[in-house]
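Q: Structure supplied as upload01.cif; contents: mmCIF, C-alpha atoms and all ligand atoms.
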data_upload
loop_
_atom_site.group_PDB
_atom_site.id
_atom_site.type_symbol
_atom_site.label_atom_id
_atom_site.label_comp_id
_atom_site.auth_asym_id
_atom_site.auth_seq_id
_atom_site.Cartn_x
_atom_site.Cartn_y
_atom_site.Cartn_z
ATOM 1 C CA MET A 17 -9.233 -20.664 -16.629
ATOM 2 C CA PRO A 18 -5.842 -21.316 -14.966
ATOM 3 C CA GLY A 19 -6.921 -20.118 -11.517
ATOM 4 C CA THR A 20 -8.054 -17.252 -9.332
ATOM 5 C CA VAL A 21 -5.857 -14.871 -7.385
ATOM 6 C CA LEU A 22 -6.522 -12.014 -4.974
ATOM 7 C CA ILE A 23 -3.745 -9.446 -4.597
ATOM 8 C CA THR A 24 -3.466 -6.407 -2.297
ATOM 9 C CA GLY A 25 -1.798 -3.096 -3.177
ATOM 10 C CA CYS A 26 -2.346 -3.446 -6.927
ATOM 11 C CA ASN A 27 -2.354 0.200 -8.002
ATOM 12 C CA ARG A 28 1.432 0.469 -8.411
ATOM 13 C CA GLY A 29 4.763 -1.279 -8.054
ATOM 14 C CA ILE A 30 5.083 -5.036 -7.766
ATOM 15 C CA GLY A 31 1.348 -5.488 -7.112
ATOM 16 C CA LEU A 32 0.387 -3.822 -10.384
ATOM 17 C CA GLU A 33 2.900 -5.912 -12.320
ATOM 18 C CA MET A 34 1.798 -9.189 -10.708
ATOM 19 C CA THR A 35 -1.773 -8.240 -11.583
ATOM 20 C CA ARG A 36 -0.789 -7.612 -15.200
ATOM 21 C CA GLN A 37 1.057 -10.924 -15.497
ATOM 22 C CA PHE A 38 -1.645 -13.071 -13.882
ATOM 23 C CA ALA A 39 -4.317 -11.422 -16.037
ATOM 24 C CA ALA A 40 -2.258 -11.838 -19.209
ATOM 25 C CA ASP A 41 -1.957 -15.560 -18.407
ATOM 26 C CA GLY A 42 -5.741 -15.815 -18.239
ATOM 27 C CA TRP A 43 -6.156 -15.866 -14.458
ATOM 28 C CA ARG A 44 -9.216 -14.402 -12.810
ATOM 29 C CA VAL A 45 -7.786 -11.558 -10.726
ATOM 30 C CA PHE A 46 -9.342 -9.771 -7.781
ATOM 31 C CA ALA A 47 -7.049 -6.749 -7.772
ATOM 32 C CA THR A 48 -7.426 -4.643 -4.651
ATOM 33 C CA CYS A 49 -6.173 -1.184 -3.785
ATOM 34 C CA ARG A 50 -7.132 1.430 -1.243
ATOM 35 C CA ASP A 51 -8.133 4.163 -3.676
ATOM 36 C CA PRO A 52 -9.511 2.787 -6.970
ATOM 37 C CA ALA A 53 -10.348 6.326 -8.165
ATOM 38 C CA GLN A 54 -6.611 7.064 -8.323
ATOM 39 C CA ALA A 55 -5.593 3.721 -9.863
ATOM 40 C CA GLY A 56 -5.278 4.638 -13.537
ATOM 41 C CA GLY A 57 -2.862 1.842 -14.461
ATOM 42 C CA LEU A 58 -5.089 -0.747 -12.853
ATOM 43 C CA HIS A 59 -8.205 0.479 -14.651
ATOM 44 C CA ALA A 60 -6.315 0.292 -17.948
ATOM 45 C CA LEU A 61 -5.688 -3.403 -17.223
ATOM 46 C CA GLU A 62 -9.327 -3.850 -16.262
ATOM 47 C CA GLY A 63 -10.279 -2.573 -19.709
ATOM 48 C CA GLU A 64 -7.891 -5.024 -21.354
ATOM 49 C CA TYR A 65 -8.753 -8.152 -19.337
ATOM 50 C CA PRO A 66 -12.442 -8.865 -18.678
ATOM 51 C CA GLN A 67 -11.625 -11.433 -15.979
ATOM 52 C CA LEU A 68 -9.938 -8.744 -13.848
ATOM 53 C CA GLU A 69 -12.011 -7.033 -11.165
ATOM 54 C CA VAL A 70 -10.855 -4.051 -9.133
ATOM 55 C CA HIS A 71 -12.012 -3.825 -5.514
ATOM 56 C CA GLN A 72 -11.333 -1.260 -2.859
ATOM 57 C CA LEU A 73 -9.311 -2.491 0.103
ATOM 58 C CA ASP A 74 -7.264 -0.595 2.616
ATOM 59 C CA VAL A 75 -5.611 -3.610 4.225
ATOM 60 C CA THR A 76 -5.683 -1.941 7.642
ATOM 61 C CA ASP A 77 -9.452 -1.393 7.451
ATOM 62 C CA TYR A 78 -10.758 -4.707 8.760
ATOM 63 C CA ASP A 79 -14.421 -3.782 8.297
ATOM 64 C CA GLN A 80 -13.712 -3.154 4.624
ATOM 65 C CA MET A 81 -11.861 -6.486 4.480
ATOM 66 C CA ALA A 82 -14.881 -8.292 5.949
ATOM 67 C CA GLN A 83 -17.163 -6.560 3.407
ATOM 68 C CA LEU A 84 -14.950 -7.728 0.559
ATOM 69 C CA ALA A 85 -15.049 -11.284 1.929
ATOM 70 C CA GLU A 86 -18.815 -11.071 1.985
ATOM 71 C CA LYS A 87 -18.851 -9.871 -1.635
ATOM 72 C CA LEU A 88 -16.639 -12.782 -2.685
ATOM 73 C CA GLY A 89 -18.778 -15.317 -0.814
ATOM 74 C CA ASP A 90 -17.491 -18.838 -1.330
ATOM 75 C CA GLN A 91 -15.395 -17.923 -4.398
ATOM 76 C CA PRO A 92 -12.309 -20.200 -4.309
ATOM 77 C CA LEU A 93 -8.956 -18.365 -4.304
ATOM 78 C CA ASP A 94 -6.026 -20.418 -5.608
ATOM 79 C CA ILE A 95 -3.490 -17.823 -4.492
ATOM 80 C CA LEU A 96 -3.920 -15.071 -1.914
ATOM 81 C CA VAL A 97 -1.132 -12.511 -2.248
ATOM 82 C CA SER A 98 -0.451 -10.151 0.625
ATOM 83 C CA ASN A 99 1.569 -7.566 -1.265
ATOM 84 C CA ALA A 100 0.592 -4.155 0.140
ATOM 85 C CA GLY A 101 3.345 -2.738 2.287
ATOM 86 C CA TYR A 102 4.510 0.495 3.860
ATOM 87 C CA TYR A 103 8.144 1.422 4.518
ATOM 88 C CA GLY A 104 7.552 4.308 6.900
ATOM 89 C CA PRO A 105 10.208 6.942 7.503
ATOM 90 C CA LYS A 106 13.550 6.293 5.800
ATOM 91 C CA GLY A 107 16.697 5.672 7.795
ATOM 92 C CA THR A 108 15.275 4.890 11.224
ATOM 93 C CA LEU A 109 18.587 4.997 13.076
ATOM 94 C CA PHE A 110 19.164 4.348 16.757
ATOM 95 C CA GLY A 111 17.887 7.344 18.715
ATOM 96 C CA ARG A 112 15.725 8.590 15.820
ATOM 97 C CA VAL A 113 12.655 6.410 15.836
ATOM 98 C CA ASP A 114 9.097 7.705 15.406
ATOM 99 C CA ARG A 115 6.903 5.433 17.548
ATOM 100 C CA GLU A 116 3.636 6.483 15.906
ATOM 101 C CA GLU A 117 5.027 5.645 12.454
ATOM 102 C CA TRP A 118 6.325 2.340 13.840
ATOM 103 C CA ARG A 119 2.781 1.399 14.899
ATOM 104 C CA LYS A 120 1.453 2.280 11.417
ATOM 105 C CA VAL A 121 4.090 0.154 9.710
ATOM 106 C CA LEU A 122 3.386 -2.797 11.996
ATOM 107 C CA GLU A 123 -0.335 -2.469 11.263
ATOM 108 C CA ALA A 124 0.196 -2.546 7.477
ATOM 109 C CA ASN A 125 3.070 -5.030 7.236
ATOM 110 C CA THR A 126 2.402 -7.452 10.090
ATOM 111 C CA ILE A 127 -1.165 -7.346 11.406
ATOM 112 C CA ALA A 128 -2.900 -6.781 8.040
ATOM 113 C CA PRO A 129 -1.302 -9.848 6.346
ATOM 114 C CA TYR A 130 -2.451 -11.966 9.301
ATOM 115 C CA MET A 131 -5.994 -10.547 9.036
ATOM 116 C CA LEU A 132 -6.047 -11.136 5.284
ATOM 117 C CA ALA A 133 -5.117 -14.799 5.805
ATOM 118 C CA GLU A 134 -7.691 -15.226 8.566
ATOM 119 C CA THR A 135 -10.418 -13.539 6.511
ATOM 120 C CA PHE A 136 -9.848 -15.428 3.243
ATOM 121 C CA CYS A 137 -8.462 -18.822 4.351
ATOM 122 C CA ASP A 138 -11.790 -20.574 3.667
ATOM 123 C CA ASN A 139 -11.689 -19.280 0.071
ATOM 124 C CA VAL A 140 -8.118 -20.524 -0.278
ATOM 125 C CA ALA A 141 -8.984 -23.908 1.263
ATOM 126 C CA ALA A 142 -11.803 -24.293 -1.291
ATOM 127 C CA SER A 143 -9.407 -23.883 -4.259
ATOM 128 C CA GLU A 144 -7.186 -26.245 -6.252
ATOM 129 C CA ARG A 145 -3.793 -24.727 -5.448
ATOM 130 C CA LYS A 146 -4.302 -23.438 -1.894
ATOM 131 C CA VAL A 147 -1.434 -20.946 -1.571
ATOM 132 C CA ILE A 148 -1.050 -17.916 0.686
ATOM 133 C CA ALA A 149 1.962 -15.773 -0.279
ATOM 134 C CA VAL A 150 3.179 -12.877 1.854
ATOM 135 C CA LEU A 151 5.573 -10.254 0.511
ATOM 136 C CA SER A 152 8.187 -9.975 3.214
ATOM 137 C CA SER A 153 11.717 -8.646 2.766
ATOM 138 C CA LYS A 154 15.236 -9.933 3.186
ATOM 139 C CA VAL A 155 15.850 -7.045 5.598
ATOM 140 C CA GLY A 156 13.461 -8.868 7.938
ATOM 141 C CA SER A 157 15.883 -11.788 8.086
ATOM 142 C CA ILE A 158 17.671 -11.804 11.448
ATOM 143 C CA ALA A 159 20.439 -13.930 9.933
ATOM 144 C CA ASP A 160 20.985 -11.254 7.262
ATOM 145 C CA ASN A 161 21.180 -8.273 9.636
ATOM 146 C CA SER A 162 24.796 -7.184 9.906
ATOM 147 C CA SER A 163 24.262 -3.439 9.387
ATOM 148 C CA GLY A 164 21.751 -2.607 12.152
ATOM 149 C CA GLY A 165 19.283 0.305 11.975
ATOM 150 C CA GLY A 166 16.028 0.207 10.022
ATOM 151 C CA TYR A 167 14.176 -0.607 13.235
ATOM 152 C CA ILE A 168 10.688 0.101 11.949
ATOM 153 C CA TYR A 169 10.558 -1.661 8.587
ATOM 154 C CA ARG A 170 12.905 -4.494 9.570
ATOM 155 C CA SER A 171 10.925 -5.420 12.669
ATOM 156 C CA SER A 172 7.626 -5.370 10.760
ATOM 157 C CA LYS A 173 8.963 -7.863 8.226
ATOM 158 C CA THR A 174 10.668 -10.054 10.847
ATOM 159 C CA ALA A 175 7.333 -10.197 12.660
ATOM 160 C CA VAL A 176 5.387 -11.071 9.529
ATOM 161 C CA ASN A 177 7.844 -13.896 8.896
ATOM 162 C CA GLN A 178 6.814 -15.341 12.249
ATOM 163 C CA VAL A 179 3.159 -14.866 11.223
ATOM 164 C CA VAL A 180 3.873 -16.869 8.055
ATOM 165 C CA LYS A 181 5.543 -19.650 10.037
ATOM 166 C CA SER A 182 2.630 -19.969 12.465
ATOM 167 C CA LEU A 183 0.063 -19.843 9.655
ATOM 168 C CA SER A 184 1.975 -22.608 7.869
ATOM 169 C CA VAL A 185 1.620 -24.812 10.958
ATOM 170 C CA ASP A 186 -1.978 -23.869 11.727
ATOM 171 C CA LEU A 187 -3.265 -24.217 8.144
ATOM 172 C CA ARG A 188 -1.266 -27.330 7.198
ATOM 173 C CA GLU A 189 -4.097 -29.733 7.966
ATOM 174 C CA ARG A 190 -6.323 -27.763 5.555
ATOM 175 C CA GLY A 191 -3.734 -28.326 2.819
ATOM 176 C CA ILE A 192 -2.804 -24.630 2.580
ATOM 177 C CA SER A 193 0.796 -23.742 1.754
ATOM 178 C CA VAL A 194 1.915 -20.448 3.314
ATOM 179 C CA ILE A 195 5.138 -18.821 2.126
ATOM 180 C CA ALA A 196 7.119 -15.649 2.798
ATOM 181 C CA LEU A 197 8.660 -14.060 -0.293
ATOM 182 C CA HIS A 198 11.504 -11.606 -0.890
ATOM 183 C CA PRO A 199 10.876 -9.817 -4.205
ATOM 184 C CA GLY A 200 14.495 -8.711 -4.725
ATOM 185 C CA TRP A 201 15.547 -5.063 -4.607
ATOM 186 C CA VAL A 202 12.993 -3.741 -7.069
ATOM 187 C CA LYS A 203 12.699 -0.443 -8.972
ATOM 188 C CA THR A 204 9.417 0.832 -7.520
ATOM 189 C CA ASP A 205 8.482 3.844 -5.405
ATOM 190 C CA MET A 206 9.652 1.853 -2.399
ATOM 191 C CA GLY A 207 12.808 0.327 -3.913
ATOM 192 C CA GLY A 208 13.879 3.563 -5.626
ATOM 193 C CA PRO A 209 15.616 4.124 -8.960
ATOM 194 C CA ASN A 210 18.927 2.496 -7.932
ATOM 195 C CA ALA A 211 17.325 -0.874 -7.226
ATOM 196 C CA LEU A 212 18.692 -3.899 -9.035
ATOM 197 C CA ILE A 213 15.718 -5.380 -10.873
ATOM 198 C CA SER A 214 12.531 -4.295 -12.615
ATOM 199 C CA ALA A 215 9.047 -4.982 -11.289
ATOM 200 C CA GLU A 216 8.574 -7.223 -14.326
ATOM 201 C CA GLU A 217 11.559 -9.436 -13.451
ATOM 202 C CA SER A 218 10.531 -9.574 -9.807
ATOM 203 C CA ALA A 219 6.905 -10.449 -10.530
ATOM 204 C CA THR A 220 7.933 -13.129 -13.025
ATOM 205 C CA GLY A 221 10.141 -14.758 -10.396
ATOM 206 C CA LEU A 222 7.597 -14.389 -7.582
ATOM 207 C CA ARG A 223 4.867 -15.954 -9.686
ATOM 208 C CA GLY A 224 7.167 -18.865 -10.500
ATOM 209 C CA VAL A 225 7.713 -19.506 -6.799
ATOM 210 C CA MET A 226 3.992 -19.169 -5.976
ATOM 211 C CA LEU A 227 2.973 -21.517 -8.769
ATOM 212 C CA GLY A 228 5.436 -24.133 -7.492
ATOM 213 C CA ALA A 229 4.486 -23.707 -3.835
ATOM 214 C CA GLY A 230 3.372 -27.150 -2.679
ATOM 215 C CA MET A 231 3.240 -28.212 0.962
ATOM 216 C CA ASP A 232 7.009 -28.832 0.876
ATOM 217 C CA LEU A 233 7.584 -25.053 0.602
ATOM 218 C CA SER A 234 5.048 -24.130 3.278
ATOM 219 C CA GLY A 235 6.674 -22.283 6.166
ATOM 220 C CA HIS A 236 9.695 -21.290 4.074
ATOM 221 C CA PHE A 237 11.150 -17.873 3.203
ATOM 222 C CA MET A 238 11.883 -17.765 -0.517
ATOM 223 C CA ASN A 239 13.701 -15.329 -2.762
ATOM 224 C CA TYR A 240 12.058 -14.330 -6.050
ATOM 225 C CA ASP A 241 14.681 -16.430 -7.877
ATOM 226 C CA GLY A 242 13.578 -19.617 -6.118
ATOM 227 C CA SER A 243 16.449 -19.806 -3.628
ATOM 228 C CA GLU A 244 15.750 -20.044 0.088
ATOM 229 C CA ILE A 245 16.493 -17.199 2.521
ATOM 230 C CA PRO A 246 17.477 -17.950 6.123
ATOM 231 C CA TRP A 247 15.018 -16.578 8.686
HETATM 232 P P1 LIG B 301 5.404 0.414 -3.444
HETATM 233 O O1 LIG B 301 5.720 1.386 -2.350
HETATM 234 O O2 LIG B 301 5.789 0.724 -4.820
HETATM 235 O O3 LIG B 301 3.856 0.067 -3.402
HETATM 236 C C1 LIG B 301 3.251 -0.240 -2.180
HETATM 237 C C2 LIG B 301 1.841 -0.679 -2.435
HETATM 238 O O4 LIG B 301 1.246 -1.033 -1.167
HETATM 239 C C3 LIG B 301 0.991 0.446 -3.044
HETATM 240 O O5 LIG B 301 0.059 -0.118 -3.923
HETATM 241 C C4 LIG B 301 0.300 1.022 -1.818
HETATM 242 O O6 LIG B 301 -0.922 1.670 -2.091
HETATM 243 C C5 LIG B 301 0.032 -0.286 -1.071
HETATM 244 N N1 LIG B 301 -0.348 -0.026 0.318
HETATM 245 C C6 LIG B 301 0.367 0.512 1.315
HETATM 246 N N2 LIG B 301 -0.378 0.594 2.437
HETATM 247 C C7 LIG B 301 -1.606 0.090 2.110
HETATM 248 C C8 LIG B 301 -2.824 -0.091 2.815
HETATM 249 N N3 LIG B 301 -2.959 0.247 4.094
HETATM 250 N N4 LIG B 301 -3.869 -0.681 2.162
HETATM 251 C C9 LIG B 301 -3.754 -1.034 0.870
HETATM 252 N N5 LIG B 301 -2.650 -0.843 0.141
HETATM 253 C C10 LIG B 301 -1.585 -0.297 0.766
HETATM 254 O O7 LIG B 301 6.051 -0.965 -2.953
HETATM 255 P P2 LIG B 301 6.565 -2.245 -3.798
HETATM 256 O O8 LIG B 301 5.654 -2.523 -4.910
HETATM 257 O O9 LIG B 301 7.996 -2.053 -4.047
HETATM 258 O O10 LIG B 301 6.456 -3.355 -2.656
HETATM 259 C C11 LIG B 301 5.482 -4.392 -2.644
HETATM 260 C C12 LIG B 301 5.813 -5.306 -1.465
HETATM 261 O O11 LIG B 301 7.147 -5.814 -1.585
HETATM 262 C C13 LIG B 301 5.759 -4.587 -0.104
HETATM 263 O O12 LIG B 301 5.203 -5.443 0.867
HETATM 264 C C14 LIG B 301 7.230 -4.313 0.200
HETATM 265 O O13 LIG B 301 7.472 -4.197 1.592
HETATM 266 C C15 LIG B 301 7.900 -5.542 -0.409
HETATM 267 N N6 LIG B 301 9.304 -5.342 -0.759
HETATM 268 C C16 LIG B 301 9.689 -4.460 -1.740
HETATM 269 C C17 LIG B 301 11.035 -4.321 -2.056
HETATM 270 C C18 LIG B 301 11.526 -3.403 -3.135
HETATM 271 O O14 LIG B 301 12.747 -3.374 -3.371
HETATM 272 N N7 LIG B 301 10.685 -2.674 -3.825
HETATM 273 C C19 LIG B 301 12.068 -5.110 -1.351
HETATM 274 C C20 LIG B 301 11.546 -5.997 -0.349
HETATM 275 C C21 LIG B 301 10.223 -6.113 -0.087
HETATM 276 P P3 LIG B 301 -1.046 3.299 -2.116
HETATM 277 O O15 LIG B 301 -0.632 3.730 -3.489
HETATM 278 O O16 LIG B 301 -2.484 3.531 -1.805
HETATM 279 O O17 LIG B 301 -0.112 3.837 -1.067
#
Give the structure from the file, written as structure tokens.

A:
Amino acid sequence: MPGTVLITGCNRGIGLEMTRQFAADGWRVFATCRDPAQAGGLHALEGEYPQLEVHQLDVTDYDQMAQLAEKLGDQPLDILVSNAGYYGPKGTLFGRVDREEWRKVLEANTIAPYMLAETFCDNVAASERKVIAVLSSKVGSIADNSSGGGYIYRSSKTAVNQVVKSLSVDLRERGISVIALHPGWVKTDMGGPNALISAEESATGLRGVMLGAGMDLSGHFMNYDGSEIPW
């Protein structure tokens, strides 16, 4: 078997497509989502690929995360993909920011990816490839911000970029490569119908970057096409 991957937010969008592609390539996939009963597309894949297992995980429920870790035991994870994300209210302009929503977005996009890495880093360290990949966004790049606004989502992704950088330093001696990824502007519920690329194209590119992520890429912010994005 080529390897084992755990992915969050697999019931739709980029997570579902990454799940499909890893499974089709023969990977063992722990595909997680917060409401398996509603995840029809994921269960269809489960029927097609016997090495795919669906597990419940709300990434902001840290007790549930610990229970999943217990279930997995010392199962090595070649790639841990923190994909689940929440945009929050659209168009958070200056003077129109919902603080409660901001806290929710930070929980899902910043704190949860850190907790996922902390919870499963022993499984990653026990694997061959040893990669932790976090779906960030180019709008979290400070260098890229010329249009302002988007306080909630932008800040959550900027903050998770810093999480990635610190993890890359802290986990380097265990041989774990930690990368931040921009998936492109992708036609999903989050990206909307006017986005530039399909989930299939994005997932193909993201997987290429993850599969090539040695220690030289650790602590870097990479586009789905393999180019580097300035922090
Ligand atoms: P979607 O909105 O299509 O899907 C989001 C996924 O995250 C869903 O599976 C959703 O599950 C899951 N999710 C949200 N909150 C939680 C939670 N608390 N616990 C578990 N799962 C959760 O987004 P995309 O597929 O487009 O995005 C995937 C990642 O890529 C995100 O991190 C996003 O920020 C990032 N990204 C996307 C871009 C795009 O253009 N699409 C651009 C840049 C970055 P549920 O159905 O239960 O809500």

Q: Taking (-0.1, -9.1, 7.6) in the coordinates of the supplied file, I want to know which residues reach to within 9 Å of it, counting all atoms listed in the file; could you give the answer as a list of chain:residue names?

A: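 The distance filter leaves exactly A:Val75, A:Ser98, A:Ala100, A:Gly101, A:Leu122, A:Glu123, A:Ala124, A:Asn125, A:Thr126, A:Ile127, A:Ala128, A:Pro129, A:Tyr130, A:Met131, A:Leu132, A:Ala133, A:Val150, A:Val176, A:Val179, A:Val180.
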
Q: For the residues selected in the previous step, produce a file with C-alpha atoms as a PDB file, in the frame of the given file.

A:
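Printed below is again.pdb as written:
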ATOM      1  CA  VAL A  75      -5.611  -3.610   4.225  1.00  0.00           C
ATOM      2  CA  SER A  98      -0.451 -10.151   0.625  1.00  0.00           C
ATOM      3  CA  ALA A 100       0.592  -4.155   0.140  1.00  0.00           C
ATOM      4  CA  GLY A 101       3.345  -2.738   2.287  1.00  0.00           C
ATOM      5  CA  LEU A 122       3.386  -2.797  11.996  1.00  0.00           C
ATOM      6  CA  GLU A 123      -0.335  -2.469  11.263  1.00  0.00           C
ATOM      7  CA  ALA A 124       0.196  -2.546   7.477  1.00  0.00           C
ATOM      8  CA  ASN A 125       3.070  -5.030   7.236  1.00  0.00           C
ATOM      9  CA  THR A 126       2.402  -7.452  10.090  1.00  0.00           C
ATOM     10  CA  ILE A 127      -1.165  -7.346  11.406  1.00  0.00           C
ATOM     11  CA  ALA A 128      -2.900  -6.781   8.040  1.00  0.00           C
ATOM     12  CA  PRO A 129      -1.302  -9.848   6.346  1.00  0.00           C
ATOM     13  CA  TYR A 130      -2.451 -11.966   9.301  1.00  0.00           C
ATOM     14  CA  MET A 131      -5.994 -10.547   9.036  1.00  0.00           C
ATOM     15  CA  LEU A 132      -6.047 -11.136   5.284  1.00  0.00           C
ATOM     16  CA  ALA A 133      -5.117 -14.799   5.805  1.00  0.00           C
ATOM     17  CA  VAL A 150       3.179 -12.877   1.854  1.00  0.00           C
ATOM     18  CA  VAL A 176       5.387 -11.071   9.529  1.00  0.00           C
ATOM     19  CA  VAL A 179       3.159 -14.866  11.223  1.00  0.00           C
ATOM     20  CA  VAL A 180       3.873 -16.869   8.055  1.00  0.00           C
TER      21      VAL A 180
END

Q: Report as a short mmCIF file (atom, residue, chain, number, x, y, z; two decimals) with C-alpha atoms, keeping the file's coordinate frame all protein, DNA and RNA residues lying within 9 Å of Gly224 of chain A, evaluated on all atoms listed in the file, omitting residues in the same chain fewer than 5 positions from it.

A:
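Okay, this is what ended up in result_33.cif:
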data_model
loop_
_atom_site.label_atom_id
_atom_site.label_comp_id
_atom_site.auth_asym_id
_atom_site.auth_seq_id
_atom_site.Cartn_x
_atom_site.Cartn_y
_atom_site.Cartn_z
CA ALA A 219 6.90 -10.45 -10.53
CA ALA A 229 4.49 -23.71 -3.84
CA TYR A 240 12.06 -14.33 -6.05
CA ASP A 241 14.68 -16.43 -7.88
CA GLY A 242 13.58 -19.62 -6.12
#

Q: Mind telling me what the PyMOL selection byres (((chain A and resi 244) around 12) and not hetatm) catches here, as a list in words?

A: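 Evaluating the PyMOL selection byres (((chain A and resi 244) around 12) and not hetatm) on these coordinates yields Lys154, Ser157, Ile195, Ala196, Leu197, His198, Val225, Leu233, Ser234, Gly235, His236, Phe237, Met238, Asn239, Tyr240, Asp241, Gly242, Ser243, Ile245, Pro246 and Trp247 of chain A.
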
Q: Let me know the residues the PyMOL selection byres (((not hetatm)) within 7 of (chain B and resi 301)) catches in the file above, as JSON, numbers by chain.

A: {"A": [24, 25, 26, 27, 28, 29, 30, 31, 49, 50, 51, 73, 74, 75, 76, 99, 100, 101, 102, 103, 124, 125, 151, 152, 153, 154, 198, 199, 200, 201, 202, 203, 204, 205, 206, 207, 211]}

Q: Give me the residues near segment 91-93 of chain A as an MDAnalysis selection string, where near means some atom within 9 Å (using only C-alpha atoms) and where sequence neighbours in that chain fewer than 6 positions away do not count.

A: chainID A and resid 19:22 136:147

Q: Which residues are close to Val113 of chain A, i.e. within 12 Å by only C-alpha atoms, leaving aside same-chain residues fewer than 6 positions away? Reply as a list in words.

A: Gly104, Pro105, Lys106, Gly107, Arg119, Gly165, Gly166, Tyr167, Ile168 and Tyr169 of chain A

Q: Between atom CA of Gly42 of chain A and atom CA of Pro18 of chain A, measure the distance and give it in Å to one decimal.

A: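 Rounded to one decimal, the two atoms are 6.4 Å apart.
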
Q: Report the centre and edge lengths, in Å to one decimal, of an axis-aligned box enclosing every atom of segment 70-82 of chain A listed in the file, padded by 8 Å on each side, as JSON.

A:
{"center_x": -10.2, "center_y": -4.4, "center_z": -0.2, "size_x": 25.3, "size_y": 23.7, "size_z": 33.9}
